[in-house]
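**Q** What follows is the file structure19.txt, containing compact mmCIF, C-alpha atoms:
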# COMPACT_ATOMS: atom_id res chain seq x y z
CA MET X 357 -59.06 65.14 -67.52
CA LEU X 358 -60.41 61.88 -66.13
CA SER X 359 -59.68 60.93 -62.59
CA PRO X 360 -58.06 57.57 -61.89
CA ARG X 361 -60.41 54.61 -61.60
CA LEU X 362 -60.24 51.81 -59.10
CA ASP X 363 -62.65 48.87 -59.23
CA GLY X 364 -65.09 50.93 -61.24
CA VAL X 365 -65.02 53.90 -58.83
CA THR X 366 -63.88 57.28 -60.02
CA LEU X 367 -61.45 58.84 -57.55
CA PRO X 368 -60.89 62.62 -57.20
CA SER X 369 -57.75 64.00 -58.79
CA ALA X 370 -54.81 64.35 -56.43
CA ARG X 371 -54.18 67.90 -55.30
CA PRO X 372 -51.12 69.24 -53.50
CA VAL X 373 -51.65 69.60 -49.79
CA PRO X 374 -50.22 72.85 -48.31
CA LEU X 375 -47.40 72.21 -45.88
CA VAL X 376 -48.02 73.61 -42.45
CA GLY X 377 -45.14 71.91 -40.68
CA PHE X 378 -41.55 72.94 -40.43
CA GLY X 379 -41.20 73.31 -44.19
CA GLY X 380 -44.11 75.74 -44.60
CA ARG X 381 -45.52 78.71 -42.71
CA ALA X 382 -43.87 77.70 -39.45
CA ALA X 383 -40.50 77.55 -41.18
CA ARG X 384 -40.94 81.00 -42.65
CA ARG X 385 -41.94 82.38 -39.27
CA SER X 386 -38.94 80.73 -37.61
CA ILE X 387 -36.58 82.10 -40.24
CA GLY X 388 -38.12 85.55 -39.95
CA LEU X 389 -37.84 85.49 -36.17
CA ALA X 390 -34.23 84.36 -36.38
CA LEU X 391 -33.39 87.13 -38.85
CA TYR X 392 -35.17 89.67 -36.66
CA ALA X 393 -33.30 88.50 -33.55
CA GLY X 394 -29.99 88.49 -35.43
CA ALA X 395 -30.56 92.02 -36.70
CA LEU X 396 -31.46 93.20 -33.22
CA VAL X 397 -28.34 91.61 -31.73
CA ALA X 398 -26.21 93.12 -34.50
CA ILE X 399 -27.64 96.61 -34.09
CA VAL X 400 -27.67 96.73 -30.28
CA GLY X 401 -24.40 94.87 -29.88
CA GLY X 402 -22.68 96.86 -32.61
CA ARG X 403 -23.71 100.13 -30.98
CA GLY X 404 -22.68 98.93 -27.53
CA PHE X 405 -19.29 97.53 -28.47
CA THR X 406 -18.51 100.55 -30.68
CA LEU X 407 -19.31 103.00 -27.88
CA ALA X 408 -17.33 100.91 -25.42
CA ARG X 409 -14.32 100.99 -27.72
CA LEU X 410 -14.61 104.74 -28.31
CA MET X 411 -15.01 105.44 -24.59
CA GLY X 412 -12.43 102.94 -23.43
CA GLY X 413 -14.94 100.95 -21.38
CA ARG X 414 -16.63 97.54 -21.43
CA TYR X 415 -19.98 96.36 -22.75
CA PRO X 416 -20.50 92.99 -21.01
CA LEU X 417 -22.39 90.13 -22.65
CA SER X 418 -24.94 90.17 -19.81
CA TYR X 419 -25.88 93.77 -20.68
CA LEU X 420 -26.11 92.85 -24.37
CA VAL X 421 -28.63 90.13 -23.53
CA PHE X 422 -30.63 92.48 -21.28
CA ASP X 423 -30.65 95.27 -23.88
CA VAL X 424 -31.65 92.94 -26.73
CA VAL X 425 -34.53 91.47 -24.71
CA ALA X 426 -35.66 94.93 -23.59
CA PHE X 427 -35.53 96.31 -27.13
CA GLY X 428 -37.36 93.25 -28.43
CA VAL X 429 -40.18 93.67 -25.94
CA VAL X 430 -40.48 97.38 -26.72
CA ILE X 431 -40.55 96.78 -30.49
CA ALA X 432 -43.13 94.00 -30.14
CA GLY X 433 -45.30 96.32 -28.04
CA LEU X 434 -44.96 99.09 -30.61
CA ARG X 435 -45.98 96.77 -33.44
CA LEU X 436 -49.07 95.73 -31.52
CA PHE X 437 -49.89 99.36 -30.78
CA ASP X 438 -49.43 100.20 -34.47
CA ARG X 439 -51.94 97.57 -35.52
CA LEU X 440 -54.45 98.65 -32.90
CA VAL X 441 -54.17 102.30 -33.94
CA LEU X 442 -54.60 101.49 -37.64
CA THR X 443 -57.61 99.27 -36.93
CA GLY X 444 -59.15 101.93 -34.70
CA ALA X 445 -58.62 104.66 -37.30
CA GLN X 446 -60.19 102.51 -40.01
CA ARG X 447 -63.24 101.76 -37.85
CA LEU X 448 -63.60 105.39 -36.82
CA ILE X 449 -63.38 106.88 -40.30
CA GLY X 450 -64.37 103.87 -42.39
CA GLU X 451 -62.99 102.49 -45.64
CA GLY X 452 -65.94 102.94 -47.96
CA SER X 453 -64.07 105.24 -50.31
CA ARG X 454 -60.53 106.12 -51.26
CA GLY X 455 -60.81 109.39 -49.37
CA ARG X 456 -61.80 107.60 -46.19
CA ARG X 457 -58.90 105.17 -46.55
CA VAL X 458 -56.48 108.06 -47.00
CA ALA X 459 -57.95 109.88 -43.99
CA ALA X 460 -57.62 106.74 -41.85
CA ARG X 461 -53.99 106.34 -42.87
CA ALA X 462 -53.33 110.02 -42.16
CA LEU X 463 -54.85 109.75 -38.68
CA HIS X 464 -52.77 106.62 -38.12
CA VAL X 465 -49.55 108.48 -39.02
CA VAL X 466 -50.40 111.50 -36.86
CA ILE X 467 -51.04 109.33 -33.79
CA LEU X 468 -47.79 107.45 -34.33
CA LEU X 469 -45.88 110.70 -34.71
CA LEU X 470 -47.33 112.30 -31.60
CA VAL X 471 -47.30 109.20 -29.37
CA VAL X 472 -44.79 106.63 -30.59
CA PHE X 473 -41.99 109.00 -31.56
CA PRO X 474 -41.89 110.76 -28.15
CA PHE X 475 -42.05 107.34 -26.49
CA ILE X 476 -39.06 106.04 -28.47
CA LEU X 477 -37.08 109.24 -27.99
CA VAL X 478 -37.66 109.43 -24.24
CA THR X 479 -37.16 105.70 -23.73
CA LEU X 480 -33.77 105.75 -25.44
CA GLN X 481 -32.68 108.85 -23.54
CA LEU X 482 -33.89 107.77 -20.11
CA HIS X 483 -32.27 104.35 -20.50
CA PRO X 484 -28.71 105.09 -21.66
CA LEU X 485 -26.55 102.31 -23.04
CA ARG X 486 -24.42 101.28 -20.09
CA ILE X 487 -20.65 101.28 -20.62
CA MET X 488 -18.79 99.84 -17.65
CA THR X 489 -15.30 100.92 -16.65
CA ALA X 490 -12.39 98.96 -18.10
CA GLY X 491 -9.56 100.79 -16.33
CA THR X 492 -8.86 102.29 -12.92
CA PRO X 493 -6.97 105.28 -11.51
CA GLY X 494 -4.04 102.87 -11.17
CA ALA X 495 -3.68 102.99 -14.94
CA VAL X 496 -2.66 106.66 -14.69
CA GLY X 497 -0.45 106.16 -11.65
CA LEU X 498 -2.93 107.06 -8.92
CA ALA X 499 -3.42 105.04 -5.73
CA TYR X 500 -7.11 104.53 -5.01
CA ALA X 501 -9.69 102.59 -3.05
CA GLU X 502 -13.03 101.37 -4.33
CA VAL X 503 -16.03 102.74 -2.42
CA ARG X 504 -19.79 102.15 -2.47
CA PHE X 505 -22.75 104.09 -1.17
CA ALA X 506 -26.48 103.89 -1.69
CA ALA X 507 -29.03 106.34 -3.11
CA ASP X 508 -32.73 105.50 -3.43
CA GLY X 509 -31.92 101.87 -2.74
CA ARG X 510 -29.33 101.67 -5.54
CA TRP X 511 -25.66 100.97 -4.99
CA LEU X 512 -23.34 103.49 -6.61
CA ALA X 513 -19.74 102.57 -7.41
CA GLY X 514 -16.94 105.05 -6.77
CA TRP X 515 -13.23 105.61 -6.27
CA HIS X 516 -11.43 107.51 -3.54
CA ILE X 517 -8.06 108.87 -4.64
CA PRO X 518 -6.16 110.19 -1.59
CA ALA X 519 -3.66 113.01 -1.90
CA GLY X 520 -1.85 112.44 1.39
CA ARG X 521 -3.10 115.60 3.12
CA ALA X 522 -5.23 114.49 6.05
CA GLU X 523 -6.72 117.95 6.55
CA GLY X 524 -7.06 119.14 2.94
CA PRO X 525 -10.23 119.60 0.91
CA VAL X 526 -11.89 116.76 -0.99
CA VAL X 527 -13.06 117.30 -4.57
CA LEU X 528 -16.09 115.36 -5.77
CA ILE X 529 -15.99 114.81 -9.55
CA ALA X 530 -19.38 114.18 -11.21
CA HIS X 531 -19.43 112.87 -14.80
CA GLY X 532 -21.83 113.65 -17.63
CA PHE X 533 -24.65 111.76 -19.32
CA ASN X 534 -23.86 108.49 -21.10
CA ALA X 535 -20.37 108.43 -19.56
CA ASN X 536 -18.73 106.93 -16.49
CA LYS X 537 -16.13 107.88 -13.90
CA GLU X 538 -13.25 106.42 -15.93
CA ASN X 539 -13.92 108.93 -18.70
CA PHE X 540 -13.01 111.73 -16.26
CA LEU X 541 -9.67 110.48 -15.00
CA LEU X 542 -7.91 113.44 -16.64
CA PRO X 543 -9.53 116.04 -14.35
CA ALA X 544 -8.91 113.61 -11.46
CA VAL X 545 -5.19 113.67 -12.29
CA LEU X 546 -5.21 117.49 -12.43
CA VAL X 547 -6.99 117.80 -9.09
CA HIS X 548 -4.67 115.24 -7.49
CA GLN X 549 -1.65 117.19 -8.76
CA LEU X 550 -3.04 120.21 -6.93
CA GLY X 551 -2.88 118.23 -3.69
CA TYR X 552 -6.56 117.46 -3.15
CA ASP X 553 -8.28 114.16 -2.44
CA VAL X 554 -10.64 113.05 -5.20
CA VAL X 555 -13.89 111.12 -4.92
CA MET X 556 -15.55 110.15 -8.20
CA PHE X 557 -18.48 107.82 -8.84
CA ASP X 558 -20.89 106.50 -11.46
CA PHE X 559 -24.38 107.95 -11.48
CA ARG X 560 -27.36 105.59 -11.43
CA ALA X 561 -27.79 103.69 -14.72
CA HIS X 562 -24.19 104.50 -15.66
CA GLY X 563 -20.87 102.70 -15.42
CA ASP X 564 -20.64 100.19 -12.59
CA SER X 565 -23.59 101.51 -10.57
CA ASP X 566 -27.07 100.02 -10.20
CA GLY X 567 -30.19 101.16 -11.99
CA HIS X 568 -31.44 101.39 -15.56
CA THR X 569 -33.16 104.80 -15.65
CA SER X 570 -31.52 108.23 -15.84
CA THR X 571 -33.20 111.64 -15.47
CA PHE X 572 -30.40 113.88 -16.81
CA GLY X 573 -29.44 115.14 -13.37
CA LEU X 574 -32.81 115.60 -11.66
CA ALA X 575 -33.05 112.44 -9.54
CA GLU X 576 -29.26 112.23 -9.74
CA ALA X 577 -29.13 115.07 -7.23
CA ARG X 578 -29.75 112.37 -4.62
CA ASP X 579 -26.75 110.47 -5.96
CA VAL X 580 -24.67 113.59 -5.36
CA LYS X 581 -26.09 113.84 -1.86
CA ALA X 582 -25.15 110.20 -1.17
CA ALA X 583 -21.59 110.79 -2.37
CA HIS X 584 -21.30 113.93 -0.27
CA ASP X 585 -22.61 112.04 2.78
CA TRP X 586 -19.98 109.35 2.24
CA ILE X 587 -17.24 111.99 2.20
CA ARG X 588 -18.54 113.60 5.38
CA GLN X 589 -18.67 110.26 7.16
CA SER X 590 -15.40 108.79 5.86
CA LEU X 591 -13.33 111.98 5.65
CA PRO X 592 -14.85 114.16 8.39
CA ASP X 593 -14.15 117.83 9.08
CA ARG X 594 -12.78 118.53 5.62
CA PRO X 595 -14.08 121.05 3.07
CA VAL X 596 -15.85 119.44 0.12
CA TYR X 597 -15.63 120.95 -3.37
CA ALA X 598 -17.43 119.87 -6.55
CA LEU X 599 -16.08 119.58 -10.11
CA ALA X 600 -19.04 118.60 -12.28
CA TYR X 601 -19.60 118.14 -15.99
CA SER X 602 -22.78 118.55 -18.06
CA MET X 603 -25.49 116.39 -16.43
CA GLY X 604 -23.27 116.13 -13.34
CA GLY X 605 -23.28 119.91 -13.11
CA ALA X 606 -27.08 120.01 -13.20
CA ALA X 607 -27.23 117.35 -10.47
CA VAL X 608 -24.76 119.31 -8.33
CA VAL X 609 -26.82 122.52 -8.67
CA HIS X 610 -30.02 120.76 -7.58
CA ALA X 611 -28.26 118.97 -4.71
CA ALA X 612 -26.41 122.06 -3.50
CA ALA X 613 -29.56 124.19 -3.60
CA GLU X 614 -31.74 121.61 -1.85
CA TYR X 615 -29.32 120.25 0.75
CA GLY X 616 -26.83 123.11 1.20
CA LEU X 617 -23.83 121.11 -0.04
CA PHE X 618 -20.29 122.09 -1.11
CA ASP X 619 -17.96 124.90 -0.17
CA ARG X 620 -16.84 125.56 -3.76
CA MET X 621 -18.26 124.41 -7.09
CA VAL X 622 -17.00 124.21 -10.68
CA LEU X 623 -19.64 123.58 -13.35
CA ASP X 624 -18.25 122.65 -16.77
CA SER X 625 -20.50 122.43 -19.88
CA SER X 626 -23.72 122.37 -17.88
CA PHE X 627 -27.15 123.79 -18.72
CA ALA X 628 -29.83 126.09 -17.33
CA SER X 629 -32.91 124.30 -18.70
CA LEU X 630 -33.31 120.78 -20.06
CA GLU X 631 -36.24 121.91 -22.18
CA THR X 632 -34.14 124.61 -23.85
CA VAL X 633 -31.40 122.10 -24.67
CA ALA X 634 -33.93 119.57 -26.01
CA ARG X 635 -35.66 122.18 -28.17
CA GLY X 636 -32.33 123.41 -29.52
CA THR X 637 -31.01 119.96 -30.42
CA LEU X 638 -33.26 116.88 -30.60
CA LEU X 639 -36.54 118.70 -31.27
CA ARG X 640 -35.23 121.50 -33.46
CA PRO X 641 -35.90 119.74 -36.83
CA PHE X 642 -39.59 119.36 -35.97
CA GLY X 643 -40.43 123.06 -35.96
CA PRO X 644 -43.99 123.72 -34.70
CA LEU X 645 -44.31 120.09 -33.56
CA ALA X 646 -41.58 120.65 -30.96
CA THR X 647 -44.09 121.83 -28.34
CA PRO X 648 -46.46 118.84 -28.47
CA LEU X 649 -43.49 116.46 -28.74
CA TRP X 650 -41.93 117.97 -25.61
CA THR X 651 -45.25 117.79 -23.74
CA LEU X 652 -45.76 114.14 -24.65
CA GLY X 653 -42.12 113.42 -23.87
CA ARG X 654 -42.67 114.81 -20.37
CA ALA X 655 -45.62 112.45 -19.98
CA TRP X 656 -43.55 109.42 -20.98
CA ALA X 657 -40.73 110.52 -18.65
CA TRP X 658 -43.24 110.57 -15.80
CA VAL X 659 -44.34 107.04 -16.72
CA TRP X 660 -40.75 105.76 -16.83
CA ALA X 661 -39.14 107.69 -13.99
CA GLY X 662 -41.85 109.45 -12.00
CA VAL X 663 -40.33 112.90 -12.65
CA ASP X 664 -41.50 115.96 -14.54
CA LEU X 665 -38.67 117.03 -16.83
CA ASP X 666 -40.19 120.50 -17.02
CA THR X 667 -38.96 121.06 -13.45
CA HIS X 668 -35.38 120.31 -14.53
CA ARG X 669 -34.27 123.94 -14.59
CA PRO X 670 -30.91 124.40 -12.82
CA GLY X 671 -31.01 128.04 -13.87
CA GLU X 672 -33.89 128.59 -11.45
CA ARG X 673 -32.03 126.89 -8.59
CA ILE X 674 -28.55 128.32 -9.04
CA GLY X 675 -29.55 131.68 -7.58
CA ALA X 676 -29.54 130.01 -4.16
CA LEU X 677 -25.81 129.33 -4.63
CA ALA X 678 -24.81 132.87 -5.48
CA GLY X 679 -23.26 133.43 -2.07
CA ARG X 680 -20.84 130.52 -2.49
CA PRO X 681 -17.73 130.45 -4.70
CA LEU X 682 -18.78 129.24 -8.15
CA LEU X 683 -16.79 128.84 -11.39
CA LEU X 684 -18.64 128.34 -14.68
CA ILE X 685 -16.73 126.89 -17.66
CA HIS X 686 -17.97 126.24 -21.19
CA GLY X 687 -16.48 125.83 -24.66
CA THR X 688 -17.91 128.06 -27.37
CA GLY X 689 -17.68 125.16 -29.85
CA ASP X 690 -20.06 122.94 -27.86
CA ARG X 691 -22.73 121.55 -30.19
CA LEU X 692 -24.35 119.28 -27.64
CA VAL X 693 -25.07 121.88 -24.96
CA PRO X 694 -24.63 125.42 -26.37
CA HIS X 695 -22.47 127.71 -24.27
CA ALA X 696 -25.46 130.07 -24.12
CA GLU X 697 -26.74 127.75 -21.38
CA THR X 698 -23.81 128.63 -19.14
CA LEU X 699 -24.34 132.30 -19.92
CA ARG X 700 -27.90 131.86 -18.62
CA LEU X 701 -26.55 130.26 -15.47
CA TYR X 702 -24.18 133.19 -15.09
CA GLU X 703 -27.05 135.66 -15.47
CA ALA X 704 -29.08 133.73 -12.89
CA THR X 705 -26.30 134.17 -10.31
CA GLY X 706 -26.49 137.92 -10.77
CA HIS X 707 -22.98 137.84 -12.30
CA ARG X 708 -21.58 136.74 -8.95
CA ALA X 709 -19.88 133.65 -10.36
CA ASP X 710 -16.54 133.39 -12.12
CA LEU X 711 -16.99 132.75 -15.85
CA TRP X 712 -14.52 131.22 -18.32
CA LEU X 713 -15.62 130.70 -21.92
CA VAL X 714 -13.06 128.67 -23.88
CA PRO X 715 -12.97 129.63 -27.59
CA GLY X 716 -13.67 126.69 -29.90
CA ALA X 717 -13.71 123.98 -27.21
CA GLY X 718 -16.31 121.22 -27.60
CA HIS X 719 -18.53 119.62 -25.00
CA ALA X 720 -16.54 119.04 -21.78
CA GLN X 721 -13.33 119.51 -23.78
CA ALA X 722 -12.01 122.63 -22.04
CA VAL X 723 -10.11 120.25 -19.73
CA ASP X 724 -7.68 119.70 -22.61
CA GLN X 725 -6.57 123.32 -22.41
CA PRO X 726 -3.18 123.90 -20.69
CA GLU X 727 -4.80 126.71 -18.71
CA TYR X 728 -7.43 124.41 -17.17
CA ARG X 729 -5.26 123.20 -14.30
CA GLU X 730 -4.23 126.74 -13.40
CA ARG X 731 -7.86 127.89 -13.41
CA LEU X 732 -8.74 125.11 -10.99
CA ARG X 733 -5.74 125.88 -8.80
CA ARG X 734 -6.62 129.55 -8.44
CA PHE X 735 -10.32 128.89 -7.85
CA PHE X 736 -9.84 126.15 -5.26
CA ALA X 737 -7.22 128.26 -3.50
CA GLY X 738 -9.56 131.23 -3.35
CA ALA X 739 -7.45 133.43 -5.64
CA LYS X 740 -8.94 135.87 -8.11
CA PRO X 741 -9.37 134.48 -11.63
CA PRO X 742 -7.02 135.79 -14.34
CA ALA X 743 -8.33 138.59 -16.49
CA GLY X 744 -10.05 137.60 -19.74
Show me this structure written as structure tokens.
**A**
Amino acid sequence: MLSPRLDGVTLPSARPVPLVGFGGRAARRSIGLALYAGALVAIVGGRGFTLARLMGGRYPLSYLVFDVVAFGVVIAGLRLFDRLVLTGAQRLIGEGSRGRRVAARALHVVILLLVVFPFILVTLQLHPLRIMTAGTPGAVGLAYAEVRFAADGRWLAGWHIPAGRAEGPVVLIAHGFNANKENFLLPAVLVHQLGYDVVMFDFRAHGDSDGHTSTFGLAEARDVKAAHDWIRQSLPDRPVYALAYSMGGAAVVHAAAEYGLFDRMVLDSSFASLETVARGTLLRPFGPLATPLWTLGRAWAWVWAGVDLDTHRPGERIGALAGRPLLLIHGTGDRLVPHAETLRLYEATGHRADLWLVPGAGHAQAVDQPEYRERLRRFFAGAKPPAG
């Protein structure tokens, strides 16, 4: 085909010029980025608002923005790491043959499994999705005052629910992981009915308190200490009891053993070893890989929080509490923290604690039993537990 001619000069045929502006590659990148951001907002926001609805709390827009940005940064970092690992594996092994390419891909997958997966798992666990309180003790007919105290430079938000007995004991209620103080208003009502003051608060990185990193009860022992100090200063010369659930129970054990706190303690649905719980739940499907995954998870936990999760063994600390009144409660239907963990705690006390296993009850669900209030009444009053 002849090119057009102009004044006797042959001109080159016209060829389409690739678009590099908004209608070309830049447009595709913009659309892709928008879709990625929209999916991230939908996933994070959907999870947050769903959990808030299920738990009766609030997931503020400001936390949605923070979580989306944080997740975006983490995912971008992981994508960069993925490319670097693949490039490194290809250079190390080479791509001269099909076998080498397969070996490079295999090495790439192994590194991702042993490094990225523990990172994601630990990151999600150590940074729980924050659900703020939506209600107050006033919603269940209890007079209360908002209180604040600091631990490790973080402000913790709490409630003081007075019972009208100036000389009576005060019961500190400590909630579990991924929850907040509002979720435990039922035990607060039961304790208040028994005539005791109640102090309850949000652990760091939970509810209305400061912080973004949780350690499942290890560093939270200092939160318990801060709450106990507030009670001693604001309500002096009164016995202080503890009613703690799951992670809160682990924090209470560490705090009581280290600082000599509490006259009486109730531990509901708690655990003896974080490693045992992790191996029996999150890591169980991975079989022989559970050990390296746990080891690498410990390393990432140290990076994020500066703690060694292998030291999170309340069962090794609870022996120091054997001389103090202690009631252990656990439902046999608990799939999150098996009731065998409480049996290990019981063994570690030398059988010197009171033990109540609730047939069929789920995690922290024994409180729904009609007998729960009576068990608390007898224990706090120093009476012998009922048989069985």
**Q** Given only C-alpha atoms as the basis, pick out the residue of X:Arg385, X:Arg578, X:His531, X:His516 nearest to Gly605 of chain X.
**A** X:His531
**Q** Take every atom of segment 680-690 of chain X listed in the file, pad by 3 Å on each side, and give me the axis-aligned box centre and edge lengths in Å, one decimal, as JSON.
**A**
{"center_x": -18.7, "center_y": 126.7, "center_z": -16.2, "size_x": 10.4, "size_y": 13.6, "size_z": 33.4}
**Q** For Ile685 of chain X, which residue among X:Arg654, X:Arg731, X:His707, X:His464 is the nearest when counting all atoms listed in the file?
**A**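 So, comparing all the options, the nearest one is X:Arg731.
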**Q** Counting all atoms listed in the file, what is within 9 Å of Lys581 of chain X, bar same-chain residues fewer than 4 positions away, as a ChimeraX atom specification?
**A** /X:507,576-577,585-586,608,611-612,615,617
**Q** Which is closest to Ser565 of chain X among X:Met488, X:Ala607, X:Ala696, X:Leu630, if we use all atoms listed in the file?
**A** X:Met488
**Q** Please indicate the distance in Å from atom CA of Gln725 of chain X to atom CA of His548 of chain X, rounded to one decimal place.
**A**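 Spanning atom CA of Gln725 of chain X to atom CA of His548 of chain X is a straight-line distance of 17.1 Å.
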**Q** Pick from X:Ala661, X:Leu434, X:Ala426, X:Ala535: nearest to Ile476 of chain X, with all atoms listed in the file counted?
**A**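 Of X:Ala661, X:Leu434, X:Ala426, X:Ala535, the one nearest Ile476 of chain X, counting all atoms listed in the file, is X:Leu434.
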